[in-house]
Structures are given as C-alpha cells and as structure tokens.
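*Asks:* Input file: model-v9.pdb. Contents: PDB, C-alpha atoms.
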```
ATOM      1  CA  MET N   1     -13.738  18.940  53.794
ATOM      2  CA  LEU N   2     -12.659  19.802  50.258
ATOM      3  CA  ASN N   3     -14.876  17.135  48.737
ATOM      4  CA  ASP N   4     -17.965  18.229  50.651
ATOM      5  CA  PRO N   5     -20.838  18.394  48.083
ATOM      6  CA  ARG N   6     -21.698  21.859  49.433
ATOM      7  CA  LYS N   7     -18.311  23.193  48.323
ATOM      8  CA  PRO N   8     -17.747  24.772  44.864
ATOM      9  CA  LYS N   9     -16.878  22.195  42.210
ATOM     10  CA  GLY N  10     -13.349  23.571  41.804
ATOM     11  CA  LEU N  11     -12.534  22.898  45.478
ATOM     12  CA  ARG N  12     -14.248  19.511  45.332
ATOM     13  CA  LEU N  13     -12.144  18.602  42.292
ATOM     14  CA  PHE N  14      -8.955  19.441  44.190
ATOM     15  CA  GLY N  15     -10.168  17.521  47.201
ATOM     16  CA  SER N  16     -11.077  14.432  45.185
ATOM     17  CA  LEU N  17      -7.664  14.346  43.535
ATOM     18  CA  SER N  18      -5.671  15.005  46.693
ATOM     19  CA  SER N  19      -7.579  12.448  48.787
ATOM     20  CA  HIS N  20      -6.587   9.540  46.556
ATOM     21  CA  SER N  21      -3.024   8.204  46.406
ATOM     22  CA  ASP N  22      -1.493   7.659  42.988
ATOM     23  CA  PRO N  23      -2.928   4.385  41.638
ATOM     24  CA  LEU N  24      -0.870   1.498  40.328
ATOM     25  CA  VAL N  25      -0.289   1.438  36.571
ATOM     26  CA  GLY N  26       0.772  -1.564  34.480
ATOM     27  CA  PRO N  27      -0.774  -4.247  36.734
ATOM     28  CA  THR N  28      -1.043  -7.172  34.274
ATOM     29  CA  PRO N  29       1.389  -9.990  35.273
ATOM     30  CA  ARG N  30       4.526  -9.981  33.127
ATOM     31  CA  LYS N  31       8.195 -10.859  33.023
ATOM     32  CA  ALA N  32      11.168  -9.445  31.145
ATOM     33  CA  ILE N  33      12.665 -11.803  28.563
ATOM     34  CA  TRP N  34      15.173  -9.468  26.873
ATOM     35  CA  LYS N  35      16.798  -6.109  27.511
ATOM     36  CA  LYS N  36      18.861  -3.753  25.389
ATOM     37  CA  ASN N  37      20.073  -0.398  26.645
ATOM     38  CA  LYS N  38      16.944   1.229  28.162
ATOM     39  CA  ALA N  39      14.504  -1.052  26.314
ATOM     40  CA  THR N  40      12.754  -4.112  27.751
ATOM     41  CA  LEU N  41      10.813  -6.854  26.000
ATOM     42  CA  TRP N  42       7.987  -7.826  28.333
ATOM     43  CA  TYR N  43       6.071 -11.101  28.134
ATOM     44  CA  TYR N  44       2.443 -11.235  29.298
ATOM     45  CA  PRO N  45       1.220 -14.856  29.321
ATOM     46  CA  ALA N  46      -2.447 -15.572  28.713
ATOM     47  CA  PRO N  47      -4.109 -17.123  31.800
ATOM     48  CA  ASP N  48      -5.885 -19.524  29.429
ATOM     49  CA  LYS N  49      -4.083 -19.596  26.097
ATOM     50  CA  LYS N  50      -6.429 -20.165  23.157
ATOM     51  CA  TYR N  51      -4.489 -18.933  20.140
ATOM     52  CA  LYS N  52      -1.166 -20.040  18.749
ATOM     53  CA  THR N  53      -0.033 -16.769  17.169
ATOM     54  CA  PRO N  54       1.339 -14.341  19.797
ATOM     55  CA  LEU N  55       0.981 -10.565  19.669
ATOM     56  CA  PHE N  56       3.995  -8.226  19.526
ATOM     57  CA  LEU N  57       3.176  -4.647  20.573
ATOM     58  CA  VAL N  58       5.178  -1.569  19.584
ATOM     59  CA  TYR N  59       4.380   1.744  21.229
ATOM     60  CA  SER N  60       5.401   5.335  20.539
ATOM     61  CA  LEU N  61       8.666   7.096  21.385
ATOM     62  CA  VAL N  62       6.760  10.107  22.748
ATOM     63  CA  ASN N  63       5.122   8.725  25.920
ATOM     64  CA  GLN N  64       5.563   5.709  28.154
ATOM     65  CA  ALA N  65       4.107   2.390  27.060
ATOM     66  CA  PHE N  66       2.021   1.753  30.194
ATOM     67  CA  ILE N  67      -0.949   3.415  28.451
ATOM     68  CA  LEU N  68      -1.450  -0.050  26.919
ATOM     69  CA  ASP N  69      -1.786  -1.497  30.437
ATOM     70  CA  LEU N  70      -3.232   1.441  32.331
ATOM     71  CA  GLY N  71      -5.145  -0.418  35.015
ATOM     72  CA  PRO N  72      -7.615  -3.250  35.675
ATOM     73  CA  GLY N  73     -10.523  -2.877  33.280
ATOM     74  CA  SER N  74      -8.695  -0.147  31.358
ATOM     75  CA  SER N  75      -5.988  -2.180  29.663
ATOM     76  CA  MET N  76      -5.558  -3.281  26.060
ATOM     77  CA  ILE N  77      -2.931  -5.808  27.146
ATOM     78  CA  GLU N  78      -5.273  -7.233  29.786
ATOM     79  CA  GLY N  79      -7.960  -7.500  27.104
ATOM     80  CA  PHE N  80      -5.646  -9.482  24.840
ATOM     81  CA  THR N  81      -4.419 -11.873  27.538
ATOM     82  CA  GLU N  82      -7.918 -12.470  28.933
ATOM     83  CA  ALA N  83      -9.047 -13.310  25.385
ATOM     84  CA  GLY N  84      -6.377 -16.030  25.207
ATOM     85  CA  TYR N  85      -3.412 -14.356  23.479
ATOM     86  CA  ASP N  86       0.177 -14.351  24.671
ATOM     87  CA  VAL N  87       1.467 -10.776  24.432
ATOM     88  CA  TYR N  88       4.934  -9.301  24.010
ATOM     89  CA  LEU N  89       5.465  -5.563  24.533
ATOM     90  CA  LEU N  90       8.612  -3.771  23.402
ATOM     91  CA  ASP N  91       9.025  -0.906  25.864
ATOM     92  CA  PHE N  92      11.712   1.504  24.620
ATOM     93  CA  GLY N  93      12.182   2.976  28.085
ATOM     94  CA  ILE N  94      13.327   6.516  28.825
ATOM     95  CA  PRO N  95      16.249   7.736  26.686
ATOM     96  CA  GLY N  96      18.993   9.895  28.174
ATOM     97  CA  TYR N  97      21.590  12.236  26.713
ATOM     98  CA  GLU N  98      23.828   9.249  26.038
ATOM     99  CA  ASP N  99      21.190   7.948  23.578
ATOM    100  CA  LYS N 100      21.232  11.060  21.380
ATOM    101  CA  HIS N 101      22.831   9.105  18.509
ATOM    102  CA  LEU N 102      20.018   6.524  18.165
ATOM    103  CA  THR N 103      18.647   6.527  14.614
ATOM    104  CA  LEU N 104      15.507   5.241  12.961
ATOM    105  CA  GLY N 105      17.561   2.343  11.636
ATOM    106  CA  ASP N 106      18.673   1.505  15.176
ATOM    107  CA  TYR N 107      15.092   1.359  16.433
ATOM    108  CA  ILE N 108      13.893  -0.737  13.483
ATOM    109  CA  PHE N 109      16.727  -3.252  13.201
ATOM    110  CA  ASP N 110      18.434  -3.358  16.609
ATOM    111  CA  TYR N 111      15.314  -3.084  18.742
ATOM    112  CA  ILE N 112      12.148  -4.108  16.868
ATOM    113  CA  GLU N 113      13.648  -6.737  14.557
ATOM    114  CA  THR N 114      15.714  -8.263  17.359
ATOM    115  CA  GLY N 115      12.732  -8.099  19.716
ATOM    116  CA  VAL N 116      10.499  -9.954  17.255
ATOM    117  CA  ARG N 117      13.145 -12.648  16.835
ATOM    118  CA  ARG N 118      13.389 -13.025  20.597
ATOM    119  CA  ALA N 119       9.608 -13.284  20.894
ATOM    120  CA  LEU N 120       9.452 -15.924  18.164
ATOM    121  CA  ARG N 121      12.199 -17.917  19.853
ATOM    122  CA  HIS N 122      10.562 -17.585  23.262
ATOM    123  CA  SER N 123       7.113 -18.604  22.003
ATOM    124  CA  GLY N 124       8.371 -21.423  19.800
ATOM    125  CA  VAL N 125       5.925 -20.563  17.005
ATOM    126  CA  GLU N 126       6.404 -19.928  13.298
ATOM    127  CA  ASP N 127       4.764 -16.519  12.878
ATOM    128  CA  ILE N 128       3.586 -13.497  14.827
ATOM    129  CA  THR N 129       1.086 -10.626  14.871
ATOM    130  CA  VAL N 130       2.698  -7.179  15.038
ATOM    131  CA  ILE N 131       0.620  -4.348  16.532
ATOM    132  CA  GLY N 132       1.620  -0.691  16.539
ATOM    133  CA  TYR N 133       0.007   2.305  18.240
ATOM    134  CA  CYS N 134       0.533   5.937  17.169
ATOM    135  CA  LEU N 135       4.199   6.527  16.239
ATOM    136  CA  GLY N 136       4.764   2.928  17.327
ATOM    137  CA  GLY N 137       2.478   2.009  14.430
ATOM    138  CA  THR N 138       4.721   3.951  12.051
ATOM    139  CA  LEU N 139       7.743   2.063  13.387
ATOM    140  CA  ALA N 140       5.884  -1.259  13.110
ATOM    141  CA  LEU N 141       4.892  -0.419   9.532
ATOM    142  CA  ILE N 142       8.461   0.445   8.539
ATOM    143  CA  TYR N 143       9.680  -2.781  10.128
ATOM    144  CA  ALA N 144       7.026  -4.842   8.330
ATOM    145  CA  ALA N 145       8.212  -3.446   4.986
ATOM    146  CA  VAL N 146      11.792  -4.663   5.533
ATOM    147  CA  ALA N 147      11.203  -7.678   7.792
ATOM    148  CA  LYS N 148      12.601 -11.124   7.116
ATOM    149  CA  GLU N 149      10.622 -12.558  10.005
ATOM    150  CA  PRO N 150       7.215 -14.186   9.309
ATOM    151  CA  ILE N 151       4.590 -11.539  10.113
ATOM    152  CA  LYS N 152       1.149 -13.111   9.845
ATOM    153  CA  ASN N 153      -0.908 -10.057  10.825
ATOM    154  CA  LEU N 154      -0.174  -6.337  11.030
ATOM    155  CA  ILE N 155      -2.513  -4.134  13.087
ATOM    156  CA  LEU N 156      -2.077  -0.363  13.204
ATOM    157  CA  PHE N 157      -3.943   1.963  15.570
ATOM    158  CA  ALA N 158      -3.899   5.764  15.122
ATOM    159  CA  THR N 159      -0.844   5.535  12.905
ATOM    160  CA  PRO N 160       0.595   8.479  10.927
ATOM    161  CA  VAL N 161       1.687   7.339   7.466
ATOM    162  CA  ASP N 162       0.948  10.082   4.943
ATOM    163  CA  ILE N 163       2.212  13.348   6.394
ATOM    164  CA  SER N 164       1.551  15.556   3.401
ATOM    165  CA  GLU N 165      -1.078  17.411   5.430
ATOM    166  CA  ILE N 166      -1.288  17.971   9.180
ATOM    167  CA  PRO N 167      -4.582  19.814   9.749
ATOM    168  CA  TYR N 168      -4.079  20.809  13.398
ATOM    169  CA  MET N 169      -0.586  22.253  12.851
ATOM    170  CA  ASP N 170      -0.644  23.311   9.232
ATOM    171  CA  LYS N 171       1.226  26.585   9.833
ATOM    172  CA  TRP N 172       3.851  24.892  12.000
ATOM    173  CA  ALA N 173       4.395  22.102   9.475
ATOM    174  CA  LYS N 174       4.783  24.580   6.636
ATOM    175  CA  ALA N 175       7.229  26.646   8.682
ATOM    176  CA  ILE N 176       9.335  23.555   9.411
ATOM    177  CA  LYS N 177       9.209  22.395   5.788
ATOM    178  CA  HIS N 178      10.259  25.852   4.554
ATOM    179  CA  GLY N 179      13.073  26.149   7.077
ATOM    180  CA  GLU N 180      11.438  28.992   9.013
ATOM    181  CA  ILE N 181      11.557  26.927  12.209
ATOM    182  CA  LYS N 182      14.976  25.330  12.649
ATOM    183  CA  MET N 183      14.406  22.315  14.876
ATOM    184  CA  GLU N 184      17.951  21.022  14.372
ATOM    185  CA  GLU N 185      19.485  23.929  16.286
ATOM    186  CA  LEU N 186      17.490  22.991  19.395
ATOM    187  CA  ILE N 187      18.327  19.303  18.971
ATOM    188  CA  ASP N 188      22.051  19.955  18.503
ATOM    189  CA  GLU N 189      22.051  22.130  21.621
ATOM    190  CA  TYR N 190      20.475  19.493  23.893
ATOM    191  CA  GLY N 191      21.369  16.223  22.133
ATOM    192  CA  VAL N 192      17.857  15.023  22.867
ATOM    193  CA  VAL N 193      14.506  16.776  22.692
ATOM    194  CA  PRO N 194      13.720  17.306  26.401
ATOM    195  CA  ALA N 195      10.550  15.753  27.790
ATOM    196  CA  GLN N 196       9.295  19.209  28.789
ATOM    197  CA  VAL N 197       9.597  20.402  25.188
ATOM    198  CA  MET N 198       7.677  17.362  23.901
ATOM    199  CA  GLU N 199       4.926  17.985  26.467
ATOM    200  CA  PHE N 200       4.703  21.716  25.668
ATOM    201  CA  TRP N 201       4.538  21.095  21.921
ATOM    202  CA  LEU N 202       1.809  18.446  22.179
ATOM    203  CA  ARG N 203      -0.243  20.521  24.619
ATOM    204  CA  LEU N 204       0.049  23.520  22.328
ATOM    205  CA  ILE N 205      -1.356  21.716  19.294
ATOM    206  CA  THR N 206      -4.118  19.948  21.243
ATOM    207  CA  ALA N 207      -5.040  22.708  23.698
ATOM    208  CA  PRO N 208      -8.857  22.228  23.589
ATOM    209  CA  VAL N 209      -8.482  18.459  23.984
ATOM    210  CA  ASN N 210      -6.340  18.828  27.105
ATOM    211  CA  VAL N 211      -9.130  20.700  28.903
ATOM    212  CA  THR N 212     -11.782  18.056  28.161
ATOM    213  CA  PRO N 213     -10.662  15.411  30.734
ATOM    214  CA  TYR N 214     -10.871  17.983  33.540
ATOM    215  CA  LEU N 215     -14.365  19.024  32.488
ATOM    216  CA  ALA N 216     -15.428  15.362  32.401
ATOM    217  CA  LEU N 217     -13.990  14.842  35.876
ATOM    218  CA  LEU N 218     -16.039  17.694  37.338
ATOM    219  CA  GLY N 219     -19.209  15.759  36.609
ATOM    220  CA  ARG N 220     -18.034  12.575  38.361
ATOM    221  CA  LEU N 221     -16.431  13.751  41.582
ATOM    222  CA  ASN N 222     -18.163  11.058  43.660
ATOM    223  CA  ASP N 223     -17.162   8.194  41.369
ATOM    224  CA  LYS N 224     -14.052   6.734  43.039
ATOM    225  CA  LYS N 225     -13.485   4.168  40.295
ATOM    226  CA  TYR N 226     -13.580   6.854  37.616
ATOM    227  CA  ILE N 227     -11.217   9.090  39.622
ATOM    228  CA  ARG N 228      -8.675   6.252  39.917
ATOM    229  CA  LYS N 229      -8.834   5.694  36.159
ATOM    230  CA  TRP N 230      -8.565   9.440  35.530
ATOM    231  CA  LYS N 231      -5.481   9.715  37.747
ATOM    232  CA  ARG N 232      -3.808   6.821  35.954
ATOM    233  CA  PHE N 233      -4.469   8.525  32.638
ATOM    234  CA  ASP N 234      -3.195  11.841  34.002
ATOM    235  CA  ILE N 235       0.068  10.176  35.092
ATOM    236  CA  TRP N 236       0.539   8.972  31.525
ATOM    237  CA  VAL N 237      -0.425  12.317  29.932
ATOM    238  CA  LYS N 238       2.204  14.104  32.017
ATOM    239  CA  GLY N 239       4.790  11.355  31.557
ATOM    240  CA  HIS N 240       6.464  12.448  28.344
ATOM    241  CA  VAL N 241       9.989  11.177  27.792
ATOM    242  CA  PRO N 242      13.036  12.687  26.063
ATOM    243  CA  PHE N 243      13.349  12.016  22.334
ATOM    244  CA  ALA N 244      16.714  10.878  20.926
ATOM    245  CA  GLY N 245      18.036  13.711  18.757
ATOM    246  CA  ALA N 246      19.189  11.686  15.758
ATOM    247  CA  VAL N 247      15.889   9.876  15.222
ATOM    248  CA  PHE N 248      13.919  13.072  15.812
ATOM    249  CA  LYS N 249      15.892  14.754  13.019
ATOM    250  CA  GLU N 250      15.161  11.811  10.719
ATOM    251  CA  LEU N 251      11.449  11.891  11.460
ATOM    252  CA  ILE N 252      11.318  15.635  10.771
ATOM    253  CA  ASN N 253      13.433  15.566   7.605
ATOM    254  CA  GLU N 254      12.500  12.212   6.069
ATOM    255  CA  LEU N 255       8.861  11.784   7.104
ATOM    256  CA  LEU N 256       7.481  15.248   7.831
ATOM    257  CA  ILE N 257       9.322  17.421   5.312
ATOM    258  CA  LYS N 258       9.873  14.906   2.500
ATOM    259  CA  ASN N 259       7.031  12.461   3.313
ATOM    260  CA  LYS N 260       9.227   9.597   2.123
ATOM    261  CA  LEU N 261       7.384   6.722   3.811
ATOM    262  CA  ILE N 262       4.161   6.901   1.793
ATOM    263  CA  LYS N 263       6.226   7.589  -1.358
ATOM    264  CA  ASN N 264       8.338   4.431  -0.864
ATOM    265  CA  LYS N 265      11.504   6.543  -0.857
ATOM    266  CA  LEU N 266      12.648   6.036   2.730
ATOM    267  CA  GLU N 267      15.975   4.183   3.084
ATOM    268  CA  LEU N 268      17.460   2.667   6.235
ATOM    269  CA  ARG N 269      20.922   1.104   6.303
ATOM    270  CA  GLY N 270      20.901   0.818   2.535
ATOM    271  CA  LYS N 271      17.467  -0.845   2.413
ATOM    272  CA  ARG N 272      14.532   0.876   0.752
ATOM    273  CA  VAL N 273      11.308   0.791   2.758
ATOM    274  CA  ASN N 274       8.831  -0.334   0.101
ATOM    275  CA  LEU N 275       5.294  -0.659   1.447
ATOM    276  CA  LYS N 276       4.392  -2.892  -1.498
ATOM    277  CA  LYS N 277       6.453  -5.632   0.132
ATOM    278  CA  ILE N 278       3.936  -5.895   2.954
ATOM    279  CA  LYS N 279       1.773  -8.968   2.387
ATOM    280  CA  ALA N 280       0.613  -9.665   5.941
ATOM    281  CA  ASN N 281      -3.077  -9.545   6.790
ATOM    282  CA  LEU N 282      -3.630  -5.857   7.526
ATOM    283  CA  LEU N 283      -6.002  -4.047   9.891
ATOM    284  CA  VAL N 284      -5.806  -0.247  10.079
ATOM    285  CA  VAL N 285      -7.923   1.579  12.666
ATOM    286  CA  SER N 286      -8.570   5.303  13.064
ATOM    287  CA  THR N 287     -10.996   7.087  15.376
ATOM    288  CA  GLU N 288     -13.435   9.885  14.634
ATOM    289  CA  ALA N 289     -12.331  12.240  17.415
ATOM    290  CA  ASP N 290      -8.574  11.751  17.070
ATOM    291  CA  GLU N 291      -7.147  15.277  17.071
ATOM    292  CA  LEU N 292      -3.546  14.089  16.705
ATOM    293  CA  ILE N 293      -3.788  11.569  13.871
ATOM    294  CA  PRO N 294      -6.751  12.324  11.584
ATOM    295  CA  GLU N 295      -7.987   9.914   8.931
ATOM    296  CA  GLU N 296      -6.088  11.716   6.157
ATOM    297  CA  MET N 297      -2.831  10.504   7.704
ATOM    298  CA  THR N 298      -3.795   6.822   7.997
ATOM    299  CA  LYS N 299      -6.181   5.746   5.237
ATOM    300  CA  PRO N 300      -3.820   6.312   2.236
ATOM    301  CA  LEU N 301      -1.820   3.281   3.397
ATOM    302  CA  MET N 302      -4.551   0.912   2.200
ATOM    303  CA  SER N 303      -3.672   1.380  -1.470
ATOM    304  CA  LYS N 304       0.082   1.090  -0.890
ATOM    305  CA  VAL N 305       0.432  -2.469   0.442
ATOM    306  CA  SER N 306       0.218  -5.840  -1.326
ATOM    307  CA  SER N 307      -1.874  -7.510   1.384
ATOM    308  CA  GLY N 308      -4.627  -9.651  -0.102
ATOM    309  CA  ASP N 309      -6.510  -9.438   3.194
ATOM    310  CA  LYS N 310      -6.772  -5.827   4.335
ATOM    311  CA  THR N 311      -9.366  -3.989   6.404
ATOM    312  CA  TYR N 312      -9.834  -0.339   7.299
ATOM    313  CA  ARG N 313     -11.961   0.569  10.329
ATOM    314  CA  ARG N 314     -13.268   3.962  11.393
ATOM    315  CA  GLU N 315     -14.332   3.811  15.046
ATOM    316  CA  ARG N 316     -15.780   6.189  17.606
ATOM    317  CA  GLY N 317     -13.437   7.679  20.178
ATOM    318  CA  GLY N 318     -10.253   9.686  20.548
ATOM    319  CA  HIS N 319      -6.545   9.060  20.128
ATOM    320  CA  VAL N 320      -6.111   6.562  22.981
ATOM    321  CA  SER N 321      -9.714   5.375  23.411
ATOM    322  CA  LEU N 322      -9.033   1.851  22.154
ATOM    323  CA  ALA N 323      -6.041   1.501  24.472
ATOM    324  CA  ILE N 324      -7.862   2.338  27.702
ATOM    325  CA  LYS N 325     -11.448   1.256  27.045
ATOM    326  CA  GLY N 326     -10.947  -2.166  28.584
ATOM    327  CA  GLY N 327     -11.614  -5.515  26.951
ATOM    328  CA  LEU N 328     -11.492  -5.874  23.190
ATOM    329  CA  PRO N 329     -13.962  -4.260  20.796
ATOM    330  CA  ASP N 330     -16.096  -6.737  18.872
ATOM    331  CA  PHE N 331     -14.541  -5.926  15.498
ATOM    332  CA  LEU N 332     -11.023  -6.617  16.822
ATOM    333  CA  THR N 333     -12.065  -9.829  18.562
ATOM    334  CA  GLU N 334     -13.643 -11.137  15.369
ATOM    335  CA  TRP N 335     -10.785 -10.042  13.119
ATOM    336  CA  LEU N 336      -8.069 -11.624  15.256
ATOM    337  CA  GLN N 337      -9.937 -14.867  15.949
ATOM    338  CA  LYS N 338     -10.164 -15.644  12.248
ATOM    339  CA  ARG N 339      -6.459 -15.000  11.683
ATOM    340  CA  SER N 340      -4.774 -16.410  14.785
TER
END
```
What does the file become when written as structure tokens?
*Replies:*
Amino acid sequence: MLNDPRKPKGLRLFGSLSSHSDPLVGPTPRKAIWKKNKATLWYYPAPDKKYKTPLFLVYSLVNQAFILDLGPGSSMIEGFTEAGYDVYLLDFGIPGYEDKHLTLGDYIFDYIETGVRRALRHSGVEDITVIGYCLGGTLALIYAAVAKEPIKNLILFATPVDISEIPYMDKWAKAIKHGEIKMEELIDEYGVVPAQVMEFWLRLITAPVNVTPYLALLGRLNDKKYIRKWKRFDIWVKGHVPFAGAVFKELINELLIKNKLIKNKLELRGKRVNLKKIKANLLVVSTEADELIPEEMTKPLMSKVSSGDKTYRRERGGHVSLAIKGGLPDFLTEWLQKRS
C-alpha cells in the first residue's frame, strides 16, 4: 500500500492524497438572492441571529470565493454565522471571453453597489458592514469611498492600497511601470488574462511559499482531518479564474503604475475616489507572514480616511490564514460585537 508507514514519505504522500476523494467545499447553508451575469449574491442566515447589522463580503477577482467557506471548521463564513451574524457574499463567478469589456466601474457600481442595495432590501435593516479580502478589499475600499448606501463598518483583510512598492516583485513592477513589459499586448490578444497565466504569475512570485504546504503535509500523513482540509485548500490554490481584460488594464495602469488610489486621484464614471470621504468604523488587518500583501501596502490607508473609529491590527499568519482558521479570532469578535 502506498500509505504504508514503511514506505518512503514521497510515496506515502501520493498514497494519502489518492486514497481520499475530493472533499466538499462551501458547505455552509445558503441561498441565492440575486444574480447578474456570472455573479451571484449568496445569503447565509445565522442559525441563531444575535446582531442586527448584516455582513457583506467581497472577495478577489483572482481566485474563487469558496476560500471564505472552505469546509466545516475551516470557514470564515461559518464563523460569522455561528457567532450570530447574517452574511451576504458577492461571488463574481468565473468570467469568460464575453466579459472582456468589464471595467473597474462596472464591478464597483453594477455589481458591488447593486449587491449592497439588494442585501439591505433583503435584510430590511438601515446599515451594513462591508468586508473585503485581498483584491476584494481594494474593491470594497473603492466602493466605500463613493457609496451612497449606509456603511456602518468597513473591515479589510490583506488589502493592497498603497502600491508604490511591491517588495516581492520589485523588478517586475519597475519593468511594467517603465513599459519594458507590455501587459496590454497579451490582454488584447486574449481579451481576458487566462487562468493559467494568473496561476503561473502568482506561483512565480511566491515560489517558496507554494512549497511550504507540501512540506507541512509530509509531517501529517496519518491525520485524515488535516488531509481533507489540505485537499480543500489545494483545490482553491489551483482554481484560478480568468481576469477580464479591461479591468486588468485599469488595475495595472491606474493602481500599479500610477498608484492613484492612495493619492485620491482615481476616477470612475466621472466620480473621484476620495478616501477622505470614508467615515465608517474601520478595521484593517494584515498578517506577519503575508508574502503577497506586506504591511507597507496596507497600513498607509489609516491616515487617509476620515473615520473617527479606526483600528489597525497586525496578526500572526499568512495571506489566507484568517479565512481558513475556523471560528473568529478574539480581536474580531470583540470589535464586531461593539459595533453591530
């Protein structure tokens, strides 16, 4: 048998992975309350609702959103609902070639803004907590700066805001900024950035990090629960999605090259995205071992908003640790309870 303890660890690793079927992801009970194009607004009711203000989650455009509901005991959404919060998740879905024209303005106004309005109408409440993770945090932040809807709290996890420096890809960023790498030619050729290209690029810039989960798995080959969690995570890691060409160009030109967001110079549909207009209670969280979004890209936001109540947290863990840890960390439980 491949998982015989007398076998070399490499063979045992293969045997452990092949002897378990792919586990279910996204198990928390939910129902769709609105759809637009490929996007779905999911509603996750709290089994025992304790708080009036619902949570509206925005995830990245790079991977699939089920990382926020990876599996029982490894789900941020499960943690929120078990704590007594109704949750809404805007899942952008998987874009195709026909979505190549989607812009940043489309995602902010036609998807996020409309989704928040639908959630408010569905919940019947007066205000809402908006939560963004990774690039979804950037989108949530941009929306909060132009929103007409009543945002009570804004929570951002691992969110890139100031892109003046990108430590792990400094040479690449400089090459793009100086026109030495012409991303637009690739985008114009395909219409969208293919999922395989997104996966290759992210693996290239985080090569040492991608090896770490396999090394960790070698030490726990007899732990069936851990293997199931690992396989769920591996499904997500390999589940990159295509990136609409128009919005990718905007993110490269407006945010990466010109860094307009932190400078309050970004404009969408004739509206300037001024971070000073954000007055919601603000919680910004970064993690010490995040190789993708280091602290230098998140912390500068704190001095740019007008929020009277704002908190910055530096926590242990990596880029997605808070999403898959299970339950809610004490600092988040305490922060939300006081403001919900």
*Asks:* Please indicate the distance in Å from atom CA of N:Gly317 to atom CA of N:Asp290, rounded to one decimal place.
*Replies:*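 According to the coordinates, atom CA of N:Gly317 and atom CA of N:Asp290 are separated by 7.1 Å.
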*Asks:* Using all atoms listed in the file, which of the listed residues (N:Gly308, N:Pro194, N:Pro47, N:Pro54) sits closest to N:Arg121?
*Replies:*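 That would be N:Pro54, the residue with the smallest distance to N:Arg121.
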*Asks:* Starting from the shown file, work through the PyMOL selection byres ((chain N and resi 122-131) around 8) and note down what comes out as a ChimeraX atom specification.
*Replies:* /N:52-58,118-121,132-133,137,140,149-157
*Asks:* May I have the protein, DNA and RNA residues with an atom at most 6 Å from (-3.4, 5.9, 8.1), counting all atoms listed in the file in the file's coordinates, returned as a count of residues only?
*Replies:* 8
*Asks:* Set the distance at 6 Å and use only C-alpha atoms: which residues neighbour N:Leu283 once local chain neighbours fewer than 6 positions away are removed? I'd like the list as a ChimeraX atom specification.
*Replies:* /N:155,310-312
*Asks:* Limited to C-alpha atoms, could you put the picked residues into a file as an mmCIF file, in the frame of the given file?
*Replies:*
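Below you can see again.cif, which holds the result:
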```cif
data_model
loop_
_atom_site.group_PDB
_atom_site.id
_atom_site.type_symbol
_atom_site.label_atom_id
_atom_site.label_comp_id
_atom_site.auth_asym_id
_atom_site.auth_seq_id
_atom_site.Cartn_x
_atom_site.Cartn_y
_atom_site.Cartn_z
ATOM 1 C CA ILE N 155 -2.513 -4.134 13.087
ATOM 2 C CA LYS N 310 -6.772 -5.827 4.335
ATOM 3 C CA THR N 311 -9.366 -3.989 6.404
ATOM 4 C CA TYR N 312 -9.834 -0.339 7.299
#
```
*Asks:* On this structure, the PyMOL selection byres ((chain N and resi 164) around 10) would catch which residues? List them as a VMD selection string, sorted by chain and number.
*Replies:* chain N and resid 161 to 163 165 to 167 170 173 255 to 260 262 296 to 297
